[in-house]
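Q: Input structure: my_file.cif, which contains mmCIF, C-alpha atoms.
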data_query
#
loop_
_atom_site.label_atom_id
_atom_site.label_comp_id
_atom_site.auth_asym_id
_atom_site.auth_seq_id
_atom_site.Cartn_x
_atom_site.Cartn_y
_atom_site.Cartn_z
CA MET R 268 -59.67 -99.80 -10.98
CA ALA R 269 -63.27 -99.09 -9.94
CA TYR R 270 -65.52 -102.08 -9.31
CA GLY R 271 -69.31 -102.23 -9.44
CA ILE R 272 -71.78 -99.38 -9.65
CA PRO R 273 -72.00 -96.32 -7.35
CA TYR R 274 -73.59 -97.54 -4.14
CA LYS R 275 -73.64 -96.66 -0.44
CA GLY R 276 -71.14 -98.75 1.49
CA SER R 277 -69.55 -100.16 -1.68
CA LYS R 278 -66.53 -102.46 -1.34
CA ASN R 279 -65.09 -100.90 -4.50
CA LYS R 280 -61.74 -99.97 -2.93
CA ILE R 281 -61.08 -103.42 -1.44
CA ALA R 282 -63.01 -105.72 -3.80
CA GLY R 283 -59.88 -107.24 -5.35
CA TRP R 284 -58.44 -107.89 -1.89
CA VAL R 285 -61.67 -109.57 -0.79
CA VAL R 286 -61.77 -111.85 -3.84
CA SER R 287 -58.13 -112.84 -3.35
CA HIS R 288 -59.26 -114.85 -0.28
CA PHE R 289 -61.79 -116.97 -2.18
CA PRO R 290 -61.03 -120.48 -3.48
CA GLU R 291 -62.02 -121.42 -7.01
CA ALA R 292 -65.47 -122.90 -7.62
CA GLU R 293 -68.05 -123.42 -10.36
CA HIS R 294 -70.55 -120.96 -8.84
CA PHE R 295 -70.18 -117.63 -7.04
CA TYR R 296 -73.04 -116.25 -4.92
CA ASP R 297 -73.08 -112.60 -3.85
CA VAL R 298 -75.94 -112.81 -1.36
CA PHE R 299 -76.17 -109.10 -0.46
CA ALA R 300 -74.90 -107.89 -3.82
CA GLY R 301 -75.76 -104.17 -3.54
CA GLY R 302 -73.56 -102.37 -6.06
CA CYS R 303 -71.84 -105.65 -7.06
CA ALA R 304 -68.26 -104.44 -6.50
CA VAL R 305 -67.10 -107.83 -5.17
CA ALA R 306 -69.04 -109.70 -7.85
CA HIS R 307 -67.34 -107.50 -10.48
CA ALA R 308 -63.90 -108.34 -9.08
CA ALA R 309 -64.87 -112.02 -8.94
CA MET R 310 -65.86 -111.95 -12.61
CA LEU R 311 -62.44 -110.63 -13.53
CA SER R 312 -60.60 -113.10 -11.30
CA GLY R 313 -61.17 -116.18 -13.48
CA LYS R 314 -62.03 -118.24 -10.39
CA PHE R 315 -65.70 -118.82 -11.23
CA LYS R 316 -67.90 -119.70 -14.22
CA SER R 317 -71.40 -118.82 -13.01
CA PHE R 318 -72.50 -115.80 -10.97
CA HIS R 319 -75.63 -115.46 -8.83
CA LEU R 320 -76.36 -111.90 -7.68
CA ASN R 321 -78.99 -111.49 -4.99
CA ASP R 322 -80.24 -108.44 -3.14
CA ILE R 323 -83.55 -107.61 -1.54
CA GLN R 324 -83.30 -104.40 -3.63
CA GLU R 325 -82.65 -106.29 -6.81
CA GLN R 326 -82.89 -103.20 -9.05
CA TYR R 327 -79.25 -102.41 -8.23
CA PRO R 328 -77.74 -105.77 -9.26
CA ARG R 329 -79.92 -105.54 -12.36
CA MET R 330 -78.47 -102.12 -13.13
CA PHE R 331 -74.99 -103.62 -12.75
CA VAL R 332 -75.89 -106.32 -15.29
CA ASP R 333 -77.31 -103.65 -17.60
CA ALA R 334 -74.00 -101.79 -17.29
CA VAL R 335 -72.04 -104.96 -18.09
CA ARG R 336 -74.19 -105.40 -21.19
CA GLY R 337 -73.48 -101.86 -22.39
CA LYS R 338 -76.67 -99.98 -21.52
CA PHE R 339 -74.76 -96.89 -20.34
CA LYS R 340 -71.95 -96.85 -22.90
CA ASP R 341 -73.51 -93.85 -24.66
CA GLY R 342 -74.14 -91.95 -21.44
CA ALA R 343 -77.37 -90.87 -19.74
CA ALA R 344 -79.29 -87.67 -19.06
CA ALA R 345 -78.80 -85.08 -16.33
CA VAL R 346 -81.44 -85.21 -13.58
CA THR R 347 -83.14 -82.31 -11.79
CA ARG R 348 -84.25 -82.36 -8.16
CA GLU R 349 -87.87 -82.77 -9.21
CA GLU R 350 -87.02 -85.66 -11.55
CA PHE R 351 -84.93 -87.29 -8.83
CA HIS R 352 -87.74 -87.39 -6.29
CA ARG R 353 -90.23 -88.54 -8.89
CA MET R 354 -88.03 -91.36 -10.23
CA LYS R 355 -85.70 -92.46 -7.39
CA ASN R 356 -87.94 -95.37 -6.33
CA THR R 357 -88.25 -96.80 -9.82
CA ASP R 358 -85.02 -95.91 -11.65
CA PRO R 359 -81.79 -97.17 -10.02
CA TYR R 360 -79.62 -94.93 -12.23
CA VAL R 361 -81.41 -91.86 -10.89
CA ALA R 362 -81.29 -93.12 -7.30
CA ALA R 363 -77.64 -94.20 -7.23
CA CYS R 364 -75.94 -91.58 -9.43
CA TRP R 365 -77.89 -88.48 -8.38
CA SER R 366 -78.15 -88.95 -4.62
CA PHE R 367 -76.01 -87.57 -1.81
CA GLY R 368 -73.43 -90.15 -0.74
CA ASN R 369 -75.14 -92.67 -3.03
CA ASN R 370 -77.79 -93.01 -0.32
CA CYS R 371 -80.55 -93.33 -2.96
CA ARG R 372 -82.73 -91.04 -0.84
CA ASP R 373 -81.59 -87.38 -0.94
CA TYR R 374 -80.78 -85.26 -3.98
CA LEU R 375 -77.06 -84.82 -4.58
CA TRP R 376 -76.80 -81.04 -4.13
CA GLY R 377 -78.24 -78.41 -1.84
CA LYS R 378 -80.66 -75.90 -3.30
CA ASP R 379 -78.08 -73.10 -3.10
CA ILE R 380 -75.71 -74.79 -5.58
CA GLU R 381 -77.86 -77.23 -7.56
CA GLU R 382 -78.72 -74.95 -10.51
CA ILE R 383 -75.17 -74.26 -11.66
CA ARG R 384 -74.08 -77.86 -11.07
CA TYR R 385 -77.03 -79.21 -13.01
CA VAL R 386 -76.18 -76.85 -15.89
CA ALA R 387 -72.57 -78.05 -15.87
CA CYS R 388 -73.66 -81.70 -15.95
CA ASP R 389 -76.18 -81.00 -18.71
CA MET R 390 -73.42 -79.36 -20.76
CA VAL R 391 -71.41 -82.58 -20.57
CA LEU R 392 -74.22 -85.13 -20.90
CA ASN R 393 -76.78 -83.57 -23.23
CA PRO R 394 -76.57 -84.98 -26.80
CA SER R 395 -77.76 -81.66 -28.29
CA TRP R 396 -74.90 -79.35 -29.21
CA GLU R 397 -77.30 -76.38 -29.12
CA ARG R 398 -78.22 -77.18 -25.52
CA ARG R 399 -74.57 -77.70 -24.64
CA PHE R 400 -73.73 -74.26 -26.01
CA GLU R 401 -76.56 -72.67 -23.99
CA CYS R 402 -75.18 -74.31 -20.85
CA TYR R 403 -71.67 -73.17 -21.71
CA LYS R 404 -72.80 -69.53 -22.00
CA LYS R 405 -74.48 -69.75 -18.58
CA LEU R 406 -71.36 -71.21 -17.03
CA MET R 407 -69.16 -68.47 -18.49
CA LYS R 408 -71.29 -65.90 -16.66
CA THR R 409 -70.72 -67.66 -13.35
CA PRO R 410 -67.63 -66.56 -11.38
CA GLY R 411 -65.19 -69.10 -10.00
CA PRO R 412 -63.92 -72.47 -11.26
CA LEU R 413 -66.18 -75.08 -12.80
CA PRO R 414 -67.94 -77.17 -10.16
CA LYS R 415 -67.14 -80.79 -9.45
CA LEU R 416 -69.37 -83.06 -11.51
CA GLU R 417 -69.99 -86.12 -9.32
CA PRO R 418 -72.73 -87.62 -11.54
CA VAL R 419 -70.44 -87.59 -14.57
CA GLN R 420 -67.79 -89.50 -12.63
CA ARG R 421 -70.42 -91.93 -11.38
CA LEU R 422 -71.73 -92.45 -14.88
CA LYS R 423 -68.24 -93.45 -15.99
CA ARG R 424 -68.44 -96.23 -13.38
CA LEU R 425 -71.42 -97.61 -15.31
CA GLN R 426 -69.48 -97.90 -18.55
CA ILE R 427 -68.14 -101.31 -17.56
CA ALA R 428 -65.92 -103.18 -19.99
CA GLY R 429 -63.57 -106.15 -20.01
CA ILE R 430 -65.76 -108.75 -18.33
CA PRO R 431 -65.51 -112.09 -20.16
CA PRO R 432 -68.72 -113.87 -21.24
CA VAL R 433 -70.16 -115.36 -18.05
CA GLU R 434 -73.50 -116.67 -16.87
CA ILE R 435 -75.25 -114.18 -14.56
CA THR R 436 -78.53 -114.56 -12.71
CA VAL R 437 -80.17 -111.90 -10.53
CA THR R 438 -82.68 -112.50 -7.73
CA GLY R 439 -84.36 -110.40 -5.04
CA LEU R 440 -84.81 -113.07 -2.38
CA ASP R 441 -84.45 -113.16 1.36
CA TYR R 442 -81.01 -114.70 1.88
CA ALA R 443 -82.53 -117.71 3.66
CA ASP R 444 -84.58 -118.60 0.56
CA ILE R 445 -81.60 -119.01 -1.79
CA ALA R 446 -80.93 -122.56 -3.01
CA PHE R 447 -77.21 -123.03 -3.56
CA GLU R 448 -75.63 -125.19 -6.22
CA LYS R 449 -72.90 -127.66 -5.34
CA ASP R 450 -69.32 -126.45 -5.80
CA SER R 451 -70.07 -122.85 -4.79
CA VAL R 452 -68.47 -120.00 -2.91
CA ILE R 453 -70.84 -117.75 -0.97
CA TYR R 454 -70.05 -114.11 -0.17
CA CYS R 455 -72.08 -112.04 2.28
CA ASP R 456 -71.83 -108.30 2.90
CA PRO R 457 -74.81 -107.77 5.23
CA PRO R 458 -75.67 -104.58 7.10
CA TYR R 459 -72.99 -104.28 9.75
CA SER R 460 -73.98 -105.00 13.31
CA GLY R 461 -74.54 -101.75 15.19
CA THR R 462 -75.22 -99.62 12.07
CA ASP R 463 -78.43 -98.23 10.61
CA GLY R 464 -78.82 -101.30 8.38
CA TYR R 465 -79.35 -99.15 5.26
CA GLY R 466 -82.79 -98.23 6.58
CA MET R 467 -83.91 -101.83 7.10
CA GLU R 468 -84.19 -104.08 10.13
CA PHE R 469 -81.71 -106.95 10.08
CA ASP R 470 -81.70 -109.90 12.48
CA HIS R 471 -78.03 -110.79 12.93
CA ARG R 472 -78.69 -113.82 15.14
CA ARG R 473 -80.89 -115.33 12.44
CA PHE R 474 -78.15 -114.61 9.92
CA TYR R 475 -75.47 -116.33 12.04
CA ASP R 476 -77.67 -119.43 12.46
CA TRP R 477 -78.23 -119.53 8.70
CA LEU R 478 -74.48 -119.30 8.05
CA ARG R 479 -73.81 -122.25 10.37
CA GLY R 480 -76.01 -124.50 8.26
CA LEU R 481 -74.66 -123.65 4.81
CA PRO R 482 -73.41 -126.51 2.59
CA CYS R 483 -70.63 -124.44 0.96
CA PRO R 484 -67.81 -122.19 2.22
CA ALA R 485 -69.14 -118.73 3.07
CA PHE R 486 -67.17 -115.50 3.51
CA VAL R 487 -68.57 -112.52 5.42
CA SER R 488 -67.49 -108.89 5.53
CA GLU R 489 -68.09 -107.68 9.08
CA TYR R 490 -66.31 -105.88 11.91
CA SER R 491 -67.01 -108.63 14.46
CA MET R 492 -68.55 -112.11 14.46
CA PRO R 493 -69.38 -114.79 17.08
CA ASP R 494 -66.46 -116.84 18.39
CA ASP R 495 -67.24 -119.93 16.31
CA PHE R 496 -66.41 -118.05 13.08
CA THR R 497 -62.82 -117.66 11.87
CA GLU R 498 -61.26 -114.40 10.75
CA ILE R 499 -59.22 -114.95 7.59
CA GLY R 500 -58.16 -111.39 6.87
CA SER R 501 -58.50 -107.77 7.95
CA ILE R 502 -57.76 -104.47 6.26
CA SER R 503 -57.98 -100.78 7.15
CA LYS R 504 -60.37 -98.75 5.04
CA THR R 505 -61.35 -95.09 5.17
CA CYS R 506 -65.09 -94.67 5.63
CA SER R 507 -66.36 -92.53 2.74
CA LEU R 508 -69.65 -91.97 4.62
CA SER R 509 -67.93 -90.16 7.49
CA ALA R 510 -68.91 -86.52 7.89
CA HIS R 511 -65.24 -85.59 8.19
CA GLY R 512 -63.93 -87.89 5.47
CA GLY R 513 -61.99 -90.13 7.85
CA GLY R 514 -62.51 -93.04 10.18
#
As structure tokens, how would this structure be written, given the file I've shared?

A:
Amino acid sequence: MAYGIPYKGSKNKIAGWVVSHFPEAEHFYDVFAGGCAVAHAAMLSGKFKSFHLNDIQEQYPRMFVDAVRGKFKDGAAAVTREEFHRMKNTDPYVAACWSFGNNCRDYLWGKDIEEIRYVACDMVLNPSWERRFECYKKLMKTPGPLPKLEPVQRLKRLQIAGIPPVEITVTGLDYADIAFEKDSVIYCDPPYSGTDGYGMEFDHRRFYDWLRGLPCPAFVSEYSMPDDFTEIGSISKTCSLSAHGGG
């Protein structure tokens, strides 16, 4: 099963495993929610009643909530390179589903292959049967097999179903400004120490000090932590961002 929306560094493949380590509580806080893969798995776990999704880029948790509420059930339009660069900073669907590696920054395809791949996606996504037929005729004139349609697969990820009625709130706060309810579980998936931080500066020492003062149990996804934190589980995971597909 796929969890959450397409997003760089998503915990989609291990979200269920992560949630299996959480105790039950009234409230669940995903402090660096991103694509909400872990929050999605938590919603299906039955362990929590109320969900608080926070991310400094709150447009992505909001898109997840839109997906849960059926916004993308009827699909969405294909996006050109020009549309991508014009809309990527204001439309999370465009940024997440039409970017290379879900990095929300660069258009999905190189200029040498983008035309035929856009046509193939438009044939699948366009509601006009006349336009679909035009695209089909263009594709039939192109030698070789049909290209891989990454945006179509990503769009399927947004057609989320099966989540029971739950209370969801979304915020775009600095993690230190969140006020936690009693009887909560807190999950943190911050930029990993020693990485590019998703293009943002991140003070890990400040984060560790904040964790030490929390009133509720907090769980952190990270490769290494200071000695006064306890590792409760580890798992091997292939890095989908690797240039060679491994690691």

Q: Can you list what the PyMOL selection byres ((chain R and resi 451) around 10) grabs from this structure, as a list in words?

A: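 Selection result, ordered by chain and number: Pro290, Glu291, Ala292, Glu293, His294, Phe295, Tyr296, Phe315, Ser317, Phe318, Phe447, Glu448, Lys449, Asp450, Val452, Ile453, Tyr454, Pro482, Cys483, Pro484 and Ala485 of chain R.
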
Q: Counting all atoms listed in the file, which of R:Ala443, R:Arg353, R:Leu406, R:Tyr274 gets nearest to Cys371 (chain R)?

A: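 Under the stated criterion, the closest residue is R:Tyr274.
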
Q: Applied to the shown file, which residues does the PyMOL selection byres ((chain R and resi 436-440) around 7) return, written as a PyMOL selection string?

A: chain R and resi 318-325+328-329+434-435+441-442+444-445

Q: Applying the PyMOL selection byres ((chain R and resi 418-429) around 10) to the file I just gave you, which residues come out? Please list them as a ChimeraX atom specification.

A: /R:268-274,307,310-311,330-346,360-361,363-366,369,375,384-385,387-389,391-392,415-417,430-432

Q: Pick out the closest residue to Gln326 (chain R) from this set: R:Asn279, R:Asn356, R:Thr347, R:Ser395. Count all atoms listed in the file.

A: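 Ranked by minimum distance to Gln326 (chain R), first place goes to R:Asn356.
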
Q: Please indicate the distance in Å from CA of Tyr374 (chain R) to CA of Tyr327 (chain R), rounded to one decimal place.

A: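 So the answer is 17.7 Å.
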
Q: Nearest to Ala304 (chain R): which of R:Lys378, R:Ser491, R:Lys408, R:Gly283 is it, counting only C-alpha atoms?

A: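 Closest candidate: R:Gly283.
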
Q: Could you tell me how far CA of Thr409 (chain R) lies from CA of Asn370 (chain R), in Å and to one decimal?

A: 29.4 Å
